$ cat upload-v2.cif   # mmCIF, C-alpha atoms and all ligand atoms
data_final
#
loop_
_atom_site.label_atom_id
_atom_site.label_comp_id
_atom_site.auth_asym_id
_atom_site.auth_seq_id
_atom_site.Cartn_x
_atom_site.Cartn_y
_atom_site.Cartn_z
CA MET N 12 116.43 115.32 130.91
CA ILE N 13 117.25 112.74 133.56
CA LEU N 14 120.24 113.28 135.84
CA THR N 15 121.44 111.20 138.73
CA TYR N 16 123.00 112.72 141.80
CA LYS N 17 125.08 110.74 144.22
CA LEU N 18 124.94 111.55 147.93
CA ARG N 19 126.62 109.91 150.87
CA HIS N 20 123.90 108.58 153.18
CA HIS N 21 126.01 108.01 156.33
CA ARG N 22 124.02 104.98 157.38
CA ASP N 23 124.76 101.31 157.76
CA PHE N 24 122.38 99.42 155.52
CA SER N 25 124.42 96.21 155.39
CA ASP N 26 121.56 94.18 156.87
CA GLU N 27 119.06 95.48 154.31
CA LEU N 28 121.56 95.09 151.46
CA ARG N 29 122.16 91.47 152.42
CA LYS N 30 118.41 90.87 152.40
CA ALA N 31 118.14 92.61 149.04
CA LYS N 32 120.60 90.14 147.58
CA GLN N 33 118.63 87.24 149.05
CA VAL N 34 115.44 88.61 147.50
CA ALA N 35 117.10 88.82 144.07
CA GLU N 36 118.51 85.29 144.37
CA PHE N 37 115.24 83.82 145.60
CA GLY N 38 113.29 85.62 142.90
CA ILE N 39 115.50 84.33 140.11
CA LYS N 40 115.46 80.79 141.47
CA GLN N 41 111.69 80.62 142.02
CA LYS N 42 110.85 82.83 139.05
CA THR N 43 108.51 84.93 141.14
CA LEU N 44 107.55 88.57 140.86
CA SER N 45 105.42 88.66 143.98
CA SER N 46 106.82 90.33 147.07
CA LYS N 47 104.58 88.01 149.14
CA ASP N 48 106.83 85.08 148.17
CA VAL N 49 109.89 86.79 149.65
CA LYS N 50 108.15 88.16 152.74
CA HIS N 51 110.06 85.67 154.94
CA ILE N 52 113.35 87.44 154.08
CA GLY N 53 112.10 90.51 155.88
CA LEU N 54 112.80 93.32 153.44
CA LYS N 55 110.17 96.07 152.97
CA SER N 56 107.78 94.87 150.29
CA MET N 57 108.05 98.10 148.31
CA ILE N 58 111.80 97.54 147.91
CA SER N 59 111.41 93.80 147.28
CA ASN N 60 108.99 94.60 144.48
CA GLN N 61 111.53 96.82 142.73
CA ILE N 62 114.31 94.28 143.11
CA LEU N 63 112.17 91.42 141.78
CA ARG N 64 111.12 93.50 138.85
CA LYS N 65 114.71 94.40 138.05
CA TYR N 66 116.31 90.99 138.50
CA VAL N 67 113.59 88.53 137.54
CA LYS N 68 112.03 90.35 134.61
CA ASN N 69 115.26 91.57 133.12
CA LYS N 70 116.99 88.60 131.56
CA LYS N 71 120.07 90.63 130.81
CA VAL N 72 120.97 90.92 134.48
CA LYS N 73 123.11 87.91 135.20
CA SER N 74 125.39 88.84 138.04
CA ILE N 75 123.87 89.64 141.39
CA LYS N 76 127.04 90.72 143.09
CA SER N 77 125.68 93.74 144.88
CA VAL N 78 121.97 94.39 144.90
CA LYS N 79 120.96 97.92 145.74
CA LEU N 80 117.88 99.03 147.64
CA THR N 81 115.65 100.59 145.03
CA ILE N 82 112.95 102.97 146.22
CA PRO N 83 110.33 104.04 143.70
CA ASN N 84 108.87 107.53 143.46
CA GLN N 85 105.86 106.57 145.64
CA GLY N 86 108.18 105.75 148.53
CA ILE N 87 109.92 109.13 148.52
CA LYS N 88 108.87 112.42 150.07
CA VAL N 89 110.43 115.73 149.07
CA GLU N 90 110.42 118.96 151.05
CA LYS N 91 111.83 121.48 148.62
CA ARG N 92 111.84 124.43 151.00
CA SER N 93 114.10 122.73 153.53
CA ARG N 94 115.87 120.71 150.81
CA LYS N 95 115.10 117.36 152.38
CA ILE N 96 114.35 114.00 150.83
CA THR N 97 112.72 111.46 153.12
CA ILE N 98 112.44 107.73 152.58
CA PRO N 99 109.94 106.73 155.32
CA CYS N 100 110.33 102.94 154.94
CA LEU N 101 114.06 103.21 155.70
CA LYS N 102 113.68 106.15 158.11
CA LEU N 103 116.27 107.93 156.00
CA ILE N 104 116.49 111.69 155.55
CA LEU N 105 118.83 113.09 152.91
CA GLU N 106 119.73 116.74 152.62
CA TYR N 107 120.47 117.87 149.10
CA GLN N 108 122.15 120.87 147.53
CA PHE N 109 121.60 120.17 143.87
CA PRO N 110 119.44 122.44 141.69
CA ASP N 111 115.68 122.28 141.50
CA PHE N 112 114.07 119.34 139.74
CA GLU N 113 110.66 118.30 138.48
CA LYS N 114 110.41 114.96 140.27
CA ILE N 115 112.44 112.11 141.69
CA ASN N 116 112.14 108.97 139.59
CA GLN N 117 113.79 106.61 142.01
CA ILE N 118 116.58 106.31 144.55
CA GLU N 119 119.09 103.48 144.64
CA ILE N 120 120.88 102.89 147.89
CA GLY N 121 124.19 101.10 148.15
CA LYS N 122 126.76 100.68 150.87
CA GLU N 123 127.84 104.31 150.99
CA PHE N 124 125.83 106.27 148.47
CA ALA N 125 122.28 107.09 147.52
CA CYS N 126 121.87 107.60 143.78
CA ILE N 127 118.99 109.95 143.21
CA SER N 128 117.54 109.96 139.72
CA VAL N 129 115.71 113.21 138.97
CA THR N 130 113.85 114.60 135.99
CA ILE N 131 114.82 118.13 135.05
CA PRO N 132 112.49 120.16 132.86
CA ASP N 133 113.77 120.55 129.31
CA VAL N 134 114.90 124.05 128.45
CA GLU N 135 114.18 125.14 124.91
CA THR N 136 117.36 125.57 122.88
CA LYS N 137 117.89 129.25 122.06
CA LYS N 138 117.94 130.23 118.42
CA ILE N 139 121.30 131.80 117.68
CA ASP N 140 123.80 132.04 114.85
CA ASN N 141 127.02 132.71 116.73
CA TYR N 142 129.13 129.92 118.08
CA ILE N 143 132.17 129.78 120.27
CA GLY N 144 134.68 127.16 119.12
CA VAL N 145 136.24 124.73 121.59
CA ASP N 146 139.53 123.05 120.72
CA ARG N 147 140.37 120.10 122.98
CA ASN N 148 143.96 119.04 123.41
CA THR N 149 146.20 116.40 124.86
CA THR N 150 149.09 118.83 125.34
CA GLY N 151 149.01 122.39 126.58
CA HIS N 152 145.62 123.63 127.73
CA ILE N 153 142.84 121.04 127.85
CA ALA N 154 140.50 123.41 126.05
CA VAL N 155 141.06 126.57 124.07
CA VAL N 156 137.91 128.56 123.42
CA ALA N 157 137.52 131.28 120.80
CA ASN N 158 134.69 133.62 119.91
CA PRO N 159 135.03 134.44 116.20
CA GLU N 160 132.50 137.29 116.61
CA THR N 161 134.64 139.25 119.08
CA GLY N 162 138.08 137.71 118.60
CA LYS N 163 138.26 136.88 122.29
CA ILE N 164 139.99 133.69 123.47
CA TRP N 165 139.99 131.67 126.70
CA LYS N 166 142.62 129.07 127.58
CA LEU N 167 141.34 126.55 130.10
CA GLY N 168 142.81 123.64 132.06
CA LYS N 169 146.50 124.40 131.97
CA LYS N 170 147.15 121.82 134.69
CA GLY N 171 145.82 118.89 132.66
CA LEU N 172 149.05 117.54 131.25
CA HIS N 173 150.94 118.26 134.45
CA ILE N 174 148.43 116.15 136.41
CA HIS N 175 148.67 113.37 133.87
CA ASN N 176 152.48 113.30 133.89
CA LYS N 177 152.67 113.48 137.66
CA TYR N 178 150.40 110.47 138.13
CA LYS N 179 152.02 108.58 135.30
CA ASN N 180 155.38 108.88 137.07
CA ILE N 181 153.89 107.72 140.36
CA ARG N 182 152.28 104.74 138.61
CA THR N 183 155.51 103.78 136.87
CA SER N 184 157.48 103.74 140.09
CA LEU N 185 154.76 101.75 141.89
CA GLN N 186 154.74 99.26 139.06
CA LYS N 187 158.45 98.68 139.45
CA LYS N 188 157.89 97.97 143.13
CA GLY N 189 154.95 95.69 142.33
CA LYS N 190 152.48 97.67 144.41
CA TYR N 191 149.42 96.96 142.30
CA ARG N 192 146.71 97.83 144.78
CA LYS N 193 148.31 101.21 145.28
CA ILE N 194 148.28 101.74 141.50
CA LYS N 195 144.52 101.30 141.47
CA GLN N 196 144.20 103.91 144.24
CA ILE N 197 146.39 106.34 142.33
CA LYS N 198 144.36 105.81 139.17
CA ASP N 199 141.16 106.53 141.08
CA ARG N 200 142.66 109.67 142.57
CA GLU N 201 143.76 110.90 139.15
CA SER N 202 140.28 110.20 137.77
CA ARG N 203 138.72 112.28 140.55
CA ILE N 204 141.08 115.20 139.94
CA VAL N 205 140.54 115.11 136.17
CA LYS N 206 136.79 114.85 136.70
CA ASP N 207 136.80 117.90 138.93
CA LEU N 208 138.87 119.80 136.37
CA ASN N 209 136.48 118.78 133.57
CA HIS N 210 133.56 120.02 135.66
CA LYS N 211 135.23 123.42 136.06
CA ILE N 212 136.21 123.70 132.39
CA SER N 213 132.77 122.68 131.13
CA ARG N 214 131.12 125.13 133.54
CA LYS N 215 133.33 127.96 132.23
CA ILE N 216 132.64 127.02 128.59
CA VAL N 217 128.87 126.92 129.05
CA ASP N 218 128.88 130.16 131.07
CA THR N 219 130.94 131.82 128.32
CA ALA N 220 128.41 130.69 125.71
CA VAL N 221 125.54 132.07 127.80
CA LYS N 222 127.28 135.43 128.34
CA ASN N 223 128.15 135.73 124.66
CA ASN N 224 124.67 134.64 123.63
CA SER N 225 126.17 131.92 121.47
CA GLY N 226 126.12 128.19 120.91
CA ILE N 227 129.08 125.84 121.26
CA LYS N 228 130.95 124.07 118.49
CA LEU N 229 133.15 121.08 119.16
CA GLU N 230 135.04 118.72 116.93
CA ASP N 231 133.42 115.36 116.43
CA LEU N 232 136.18 113.09 117.66
CA THR N 233 134.28 109.78 117.42
CA GLY N 234 136.41 108.74 114.47
CA ILE N 235 139.54 109.22 116.51
CA ARG N 236 138.10 107.25 119.40
CA ASP N 237 137.36 104.30 117.16
CA ASN N 238 140.85 104.03 115.85
CA LYS N 239 142.02 100.62 117.09
CA LYS N 240 145.72 101.32 116.81
CA GLN N 241 145.49 104.37 119.03
CA LYS N 242 143.31 102.58 121.55
CA LYS N 243 146.24 100.42 122.55
CA SER N 244 148.27 103.24 123.93
CA PHE N 245 147.56 103.93 127.57
CA ARG N 246 148.24 107.61 127.13
CA TYR N 247 145.69 107.74 124.40
CA ALA N 248 143.16 105.74 126.41
CA LEU N 249 143.35 108.21 129.25
CA ASN N 250 143.02 111.20 127.01
CA SER N 251 140.16 109.68 125.11
CA TRP N 252 138.25 109.01 128.30
CA SER N 253 138.92 112.49 129.60
CA PHE N 254 137.96 114.10 126.27
CA TYR N 255 134.71 112.22 126.25
CA GLN N 256 133.96 113.11 129.84
CA LEU N 257 134.53 116.80 129.14
CA GLN N 258 132.20 116.51 126.17
CA MET N 259 129.44 114.89 128.22
CA PHE N 260 129.78 117.55 130.91
CA ILE N 261 129.55 120.33 128.33
CA GLU N 262 126.50 118.65 126.80
CA TYR N 263 124.42 118.28 129.91
CA LYS N 264 125.33 121.70 131.32
CA ALA N 265 124.52 123.30 127.95
CA LYS N 266 121.24 121.42 127.77
CA MET N 267 120.21 122.71 131.18
CA GLN N 268 120.70 126.29 129.96
CA GLY N 269 119.24 125.87 126.49
CA VAL N 270 122.62 126.32 124.80
CA GLU N 271 123.03 124.52 121.49
CA VAL N 272 126.01 122.17 121.02
CA VAL N 273 127.06 121.36 117.48
CA TYR N 274 129.69 118.89 116.27
CA ILE N 275 131.81 119.62 113.26
CA ASP N 276 134.11 117.69 110.96
CA PRO N 277 137.60 117.89 112.52
CA ARG N 278 139.59 117.26 109.35
CA TYR N 279 140.78 120.75 108.56
CA THR N 280 140.40 122.60 111.85
CA SER N 281 144.09 122.54 112.72
CA LYS N 282 145.53 122.87 109.22
CA SER N 283 143.49 125.74 107.79
CA CYS N 284 144.16 129.38 108.45
CA SER N 285 141.34 130.91 110.48
CA ARG N 286 141.85 134.26 108.75
CA CYS N 287 142.05 133.39 105.05
CA GLY N 288 141.05 129.71 104.87
CA LEU N 289 144.21 128.49 103.12
CA ILE N 290 146.13 125.49 104.38
CA GLY N 291 148.84 126.99 106.56
CA ASN N 292 151.97 125.74 108.22
CA ARG N 293 151.58 124.10 111.59
CA ASN N 294 154.69 123.40 113.59
CA GLY N 295 154.12 122.10 117.10
CA LYS N 296 152.04 124.74 118.83
CA SER N 297 152.68 127.48 116.30
CA PHE N 298 150.68 128.26 113.21
CA LYS N 299 151.80 130.40 110.27
CA CYS N 300 150.08 131.26 107.05
CA ILE N 301 151.31 132.94 103.86
CA CYS N 302 148.65 135.63 104.39
CA GLY N 303 150.74 136.85 107.32
CA TYR N 304 148.62 135.35 110.10
CA VAL N 305 150.67 133.91 112.96
CA ASP N 306 149.09 132.45 116.08
CA HIS N 307 149.10 129.70 118.67
CA ALA N 308 148.02 126.56 116.81
CA ASP N 309 145.23 125.75 119.31
CA VAL N 310 143.86 129.30 119.09
CA ASN N 311 143.80 129.09 115.30
CA ALA N 312 142.00 125.73 115.58
CA ALA N 313 139.44 127.11 118.06
CA PHE N 314 138.59 129.97 115.67
CA ASN N 315 138.20 127.48 112.83
CA ILE N 316 135.92 125.30 114.93
CA GLY N 317 133.75 128.27 115.93
CA ARG N 318 133.36 129.34 112.30
CA SER N 319 133.05 125.94 110.71
CA THR N 320 129.90 125.14 108.81
CA LYS N 321 130.84 121.53 108.20
CA GLU N 322 128.46 120.11 110.74
CA ARG N 323 128.18 116.52 111.75
CA ASP N 324 125.44 114.90 113.78
CA LEU N 325 127.21 111.67 114.57
CA VAL N 326 127.15 112.24 118.29
CA GLU N 327 123.50 113.16 118.42
CA GLY N 328 122.46 109.90 120.01
CA ASN N 329 124.49 110.79 123.07
CA THR N 330 122.74 113.95 124.09
CA ASP N 331 120.17 112.23 126.27
CA THR N 332 122.48 109.91 128.09
CA PRO N 333 123.52 111.83 131.19
CA LYS N 334 123.11 109.29 133.93
CA ALA N 335 124.89 108.31 137.09
CA ALA N 336 126.36 110.67 139.47
CA LEU N 337 128.64 112.34 141.90
CA GLY N 338 128.80 114.68 144.84
CA SER N 339 126.64 117.42 146.19
CA ALA N 340 125.78 119.73 143.34
CA LYS N 341 127.53 117.97 140.52
CA PRO N 342 125.75 115.22 138.67
CA MET N 343 128.22 113.02 136.96
CA VAL N 344 127.72 111.72 133.55
CA GLN N 345 128.26 108.05 133.10
CA TYR N 346 131.16 107.38 130.84
CA HIS N 347 133.14 104.54 129.49
CA HIS N 348 136.50 104.20 131.20
CA PRO N 349 138.84 102.32 128.86
CA ASP N 350 141.17 101.42 131.70
CA ARG N 351 138.53 99.40 133.43
CA THR N 352 137.40 97.14 130.65
ZN ZN E 401 145.94 132.84 106.07
#
$ encode --input "upload-v2.cif" --output "structure tokens"
Amino acid sequence: MILTYKLRHHRDFSDELRKAKQVAEFGIKQKTLSSKDVKHIGLKSMISNQILRKYVKNKKVKSIKSVKLTIPNQGIKVEKRSRKITIPCLKLILEYQFPDFEKINQIEIGKEFACISVTIPDVETKKIDNYIGVDRNTTGHIAVVANPETGKIWKLGKKGLHIHNKYKNIRTSLQKKGKYRKIKQIKDRESRIVKDLNHKISRKIVDTAVKNNSGIKLEDLTGIRDNKKQKKSFRYALNSWSFYQLQMFIEYKAKMQGVEVVYIDPRYTSKSCSRCGLIGNRNGKSFKCICGYVDHADVNAAFNIGRSTKERDLVEGNTDTPKAALGSAKPMVQYHHPDRT
């Protein structure tokens, strides 16, 4: 599995970054792949080589707004004992805290951050037949987890809706005042808080699966995401992005521990009774069934998800996508943010 960690490098590379852009522009104009042709610009040839390869060979790359300094594996030294990564040609030393890795594929350096792409050895998925069910929600707790084997439940991310409402109110009042730049800042802050929360929730879910020696079952919500009508609503857009992020975090953390993640058909998970299987009566957050079972609707759904055998593999193509990054020990999965398209 490939993960990318993002570290602040605390250096001013504006001169090199400017040269990097010149190299890309020159390369495209002259259609050259040779670093000798751009020697006059004065960037290290190892970096020029990478940039030419990326921008000249790849016809898809059209905009050269900000060109990063790309350092290939050969230009990177790692001292695992002291947790130091050295890039000799830039005289840059980075200290890292993230978990052990097999090798560094490359490092991309921008204005503030170094994005370190690492290969992590694949862990074999454990063979199990118990699953914990995870019900994701837009109201109440972000995730309700249930273990049908033991009957135990975990309610995670109570603050989710509160955070969303708080920032929505701030945004609304800024909008009225016409402070649009501030709105962008507020959106970014909310994204960071939600991201942090999703990291914590996904960590707890994967740890719970490990402790209970079980896999994880989630609803396949791709169908819901593709619904065009719902896409229009901002509230929905935010939730959809956050749902997807949580899913990606669960996936890569589970993969690192060899925990299986399975997606199931969501059609009946909230309507059926988790005790007898009949269609029950759901009213807001309460669930009642004629068999006498009464429970919180999300808890009932989580039990149904954990027990469900109606598997779906629609999301399978996503399991290898963790890319991009954030912060010290937390790789961030690249996701699609509907607000920014
Ligand atoms: Zn029932």
$ atom_distance --input "upload-v2.cif" --atom1 "atom CA of Ile62 of chain N" --atom2 "atom CA of Pro132 of chain N"
27.9 Å
$ closest_residue --input "upload-v2.cif" --among "N:Asp146, N:Glu36, N:Asp306, N:Glu123" --to "ligand ZN 401 (chain E)" --atoms "all atoms listed in the file"
N:Asp306
$ atom_distance --input "upload-v2.cif" --atom1 "atom CA of Ser213 of chain N" --atom2 "atom CA of Val145 of chain N"
10.4 Å
$ atom_distance --input "upload-v2.cif" --atom1 "atom CA of Ser128 of chain N" --atom2 "atom CA of Ile98 of chain N"
14.0 Å
$ residues_near_ligand --input "upload-v2.cif" --ligand "ligand ZN 401 (chain E)" --cutoff "12 Å" --atoms "only C-alpha atoms and all ligand atoms" --output "MDAnalysis selection string"
chainID N and resid 282:293 298:306 311 315
$ write_last_selection --input "upload-v2.cif" --atoms "C-alpha atoms" --output "compact mmCIF listing (two decimals), in the coordinates of the input"
# COMPACT_ATOMS: atom_id res chain seq x y z
CA LYS N 282 145.53 122.87 109.22
CA SER N 283 143.49 125.74 107.79
CA CYS N 284 144.16 129.38 108.45
CA SER N 285 141.34 130.91 110.48
CA ARG N 286 141.85 134.26 108.75
CA CYS N 287 142.05 133.39 105.05
CA GLY N 288 141.05 129.71 104.87
CA LEU N 289 144.21 128.49 103.12
CA ILE N 290 146.13 125.49 104.38
CA GLY N 291 148.84 126.99 106.56
CA ASN N 292 151.97 125.74 108.22
CA ARG N 293 151.58 124.10 111.59
CA PHE N 298 150.68 128.26 113.21
CA LYS N 299 151.80 130.40 110.27
CA CYS N 300 150.08 131.26 107.05
CA ILE N 301 151.31 132.94 103.86
CA CYS N 302 148.65 135.63 104.39
CA GLY N 303 150.74 136.85 107.32
CA TYR N 304 148.62 135.35 110.10
CA VAL N 305 150.67 133.91 112.96
CA ASP N 306 149.09 132.45 116.08
CA ASN N 311 143.80 129.09 115.30
CA ASN N 315 138.20 127.48 112.83
$ closest_residue --input "upload-v2.cif" --among "N:Lys266, N:Lys122, N:Lys198, N:Lys228" --to "Val155 of chain N" --atoms "only C-alpha atoms"
N:Lys228
$ closest_residue --input "upload-v2.cif" --among "N:Leu14, N:Leu63, N:Ile227, N:Val217" --to "Val273 of chain N" --atoms "all atoms listed in the file"
N:Ile227
$ closest_residue --input "upload-v2.cif" --among "N:Lys188, N:Lys179, N:Arg147, N:Lys195" --to "Phe254 of chain N" --atoms "all atoms listed in the file"
N:Arg147
$ closest_residue --input "upload-v2.cif" --among "N:Val156, N:Val89, N:Ile120, N:Met57" --to "Asp23 of chain N" --atoms "all atoms listed in the file"
N:Ile120
$ closest_residue --input "upload-v2.cif" --among "N:Pro99, N:Pro277, N:Pro83, N:Gly269" --to "Ala220 of chain N" --atoms "only C-alpha atoms"
N:Gly269
$ residues_around --input "upload-v2.cif" --residues "Lys42 of chain N" --least-positions-apart "6" --cutoff "12 Å" --atoms "all atoms listed in the file" --output "VMD selection string"
chain N and resid 34 to 36 48 to 49 63 to 64 66 to 70
$ residues_around --input "upload-v2.cif" --residues "Ser93 of chain N" --least-positions-apart "4" --cutoff "12 Å" --atoms "all atoms listed in the file" --output "MDAnalysis selection string"
chainID N and resid 89 97 104:108
$ decode --input "upload-v2.cif" --residues "segment 36-116 of chain N" --atoms "C-alpha atoms" --output "mmCIF file, in the first residue's frame"
data_model
loop_
_atom_site.group_PDB
_atom_site.id
_atom_site.type_symbol
_atom_site.label_atom_id
_atom_site.label_comp_id
_atom_site.auth_asym_id
_atom_site.auth_seq_id
_atom_site.Cartn_x
_atom_site.Cartn_y
_atom_site.Cartn_z
ATOM 1 C CA GLU N 36 7.774 25.808 -18.992
ATOM 2 C CA PHE N 37 11.014 25.489 -20.936
ATOM 3 C CA GLY N 38 10.595 21.730 -21.235
ATOM 4 C CA ILE N 39 7.087 21.998 -22.620
ATOM 5 C CA LYS N 40 8.058 24.737 -25.062
ATOM 6 C CA GLN N 41 11.190 23.010 -26.368
ATOM 7 C CA LYS N 42 9.770 19.506 -26.018
ATOM 8 C CA THR N 43 12.899 18.299 -24.287
ATOM 9 C CA LEU N 44 13.393 15.593 -21.699
ATOM 10 C CA SER N 45 17.074 16.239 -21.154
ATOM 11 C CA SER N 46 18.148 18.023 -17.994
ATOM 12 C CA LYS N 47 21.212 19.273 -19.932
ATOM 13 C CA ASP N 48 18.918 21.558 -21.948
ATOM 14 C CA VAL N 49 17.675 23.283 -18.797
ATOM 15 C CA LYS N 50 21.044 23.439 -17.041
ATOM 16 C CA HIS N 51 21.156 27.235 -17.537
ATOM 17 C CA ILE N 52 18.149 27.624 -15.194
ATOM 18 C CA GLY N 53 20.284 26.335 -12.357
ATOM 19 C CA LEU N 54 18.098 23.709 -10.720
ATOM 20 C CA LYS N 55 19.687 20.418 -9.572
ATOM 21 C CA SER N 56 19.620 18.061 -12.543
ATOM 22 C CA MET N 57 18.056 15.246 -10.524
ATOM 23 C CA ILE N 58 15.038 17.454 -9.774
ATOM 24 C CA SER N 59 14.913 18.883 -13.312
ATOM 25 C CA ASN N 60 14.780 15.347 -14.651
ATOM 26 C CA GLN N 61 11.720 14.518 -12.560
ATOM 27 C CA ILE N 62 9.951 17.731 -13.518
ATOM 28 C CA LEU N 63 10.621 17.251 -17.237
ATOM 29 C CA ARG N 64 9.393 13.713 -17.055
ATOM 30 C CA LYS N 65 6.214 14.790 -15.298
ATOM 31 C CA TYR N 66 5.369 17.847 -17.393
ATOM 32 C CA VAL N 67 6.713 17.039 -20.846
ATOM 33 C CA LYS N 68 5.852 13.362 -21.062
ATOM 34 C CA ASN N 69 2.470 13.635 -19.452
ATOM 35 C CA LYS N 70 0.154 15.290 -21.933
ATOM 36 C CA LYS N 71 -2.624 15.484 -19.404
ATOM 37 C CA VAL N 72 -0.786 18.088 -17.349
ATOM 38 C CA LYS N 73 -1.852 21.395 -18.796
ATOM 39 C CA SER N 74 -1.591 23.928 -16.034
ATOM 40 C CA ILE N 75 1.799 24.677 -14.577
ATOM 41 C CA LYS N 76 0.626 26.948 -11.821
ATOM 42 C CA SER N 77 2.829 25.615 -9.071
ATOM 43 C CA VAL N 78 5.562 23.152 -9.885
ATOM 44 C CA LYS N 79 6.852 21.154 -6.957
ATOM 45 C CA LEU N 80 10.393 19.957 -6.402
ATOM 46 C CA THR N 81 10.250 16.228 -6.959
ATOM 47 C CA ILE N 82 13.023 14.122 -5.481
ATOM 48 C CA PRO N 83 13.226 10.490 -6.565
ATOM 49 C CA ASN N 84 14.108 7.602 -4.271
ATOM 50 C CA GLN N 85 17.810 7.741 -5.308
ATOM 51 C CA GLY N 86 18.077 11.286 -3.975
ATOM 52 C CA ILE N 87 16.775 10.433 -0.512
ATOM 53 C CA LYS N 88 18.590 8.981 2.488
ATOM 54 C CA VAL N 89 16.752 7.465 5.436
ATOM 55 C CA GLU N 90 18.095 6.907 8.927
ATOM 56 C CA LYS N 91 15.394 4.847 10.582
ATOM 57 C CA ARG N 92 16.991 4.710 14.020
ATOM 58 C CA SER N 93 17.067 8.468 14.446
ATOM 59 C CA ARG N 94 13.930 8.924 12.310
ATOM 60 C CA LYS N 95 15.574 11.273 9.850
ATOM 61 C CA ILE N 96 15.079 11.724 6.136
ATOM 62 C CA THR N 97 17.847 13.578 4.321
ATOM 63 C CA ILE N 98 17.707 15.121 0.874
ATOM 64 C CA PRO N 99 21.403 15.916 0.218
ATOM 65 C CA CYS N 100 20.881 17.970 -2.966
ATOM 66 C CA LEU N 101 18.663 20.428 -1.056
ATOM 67 C CA LYS N 102 20.568 20.081 2.233
ATOM 68 C CA LEU N 103 17.228 19.300 3.834
ATOM 69 C CA ILE N 104 16.744 17.100 6.883
ATOM 70 C CA LEU N 105 13.221 16.060 7.855
ATOM 71 C CA GLU N 106 12.350 14.410 11.132
ATOM 72 C CA TYR N 107 9.411 12.061 10.934
ATOM 73 C CA GLN N 108 7.099 10.429 13.437
ATOM 74 C CA PHE N 109 5.008 8.252 11.178
ATOM 75 C CA PRO N 110 5.096 4.444 11.411
ATOM 76 C CA ASP N 111 7.725 2.260 9.817
ATOM 77 C CA PHE N 112 7.712 1.862 6.050
ATOM 78 C CA GLU N 113 9.361 -0.292 3.417
ATOM 79 C CA LYS N 114 10.782 2.481 1.244
ATOM 80 C CA ILE N 115 10.273 6.066 0.175
ATOM 81 C CA ASN N 116 9.079 6.320 -3.413
#
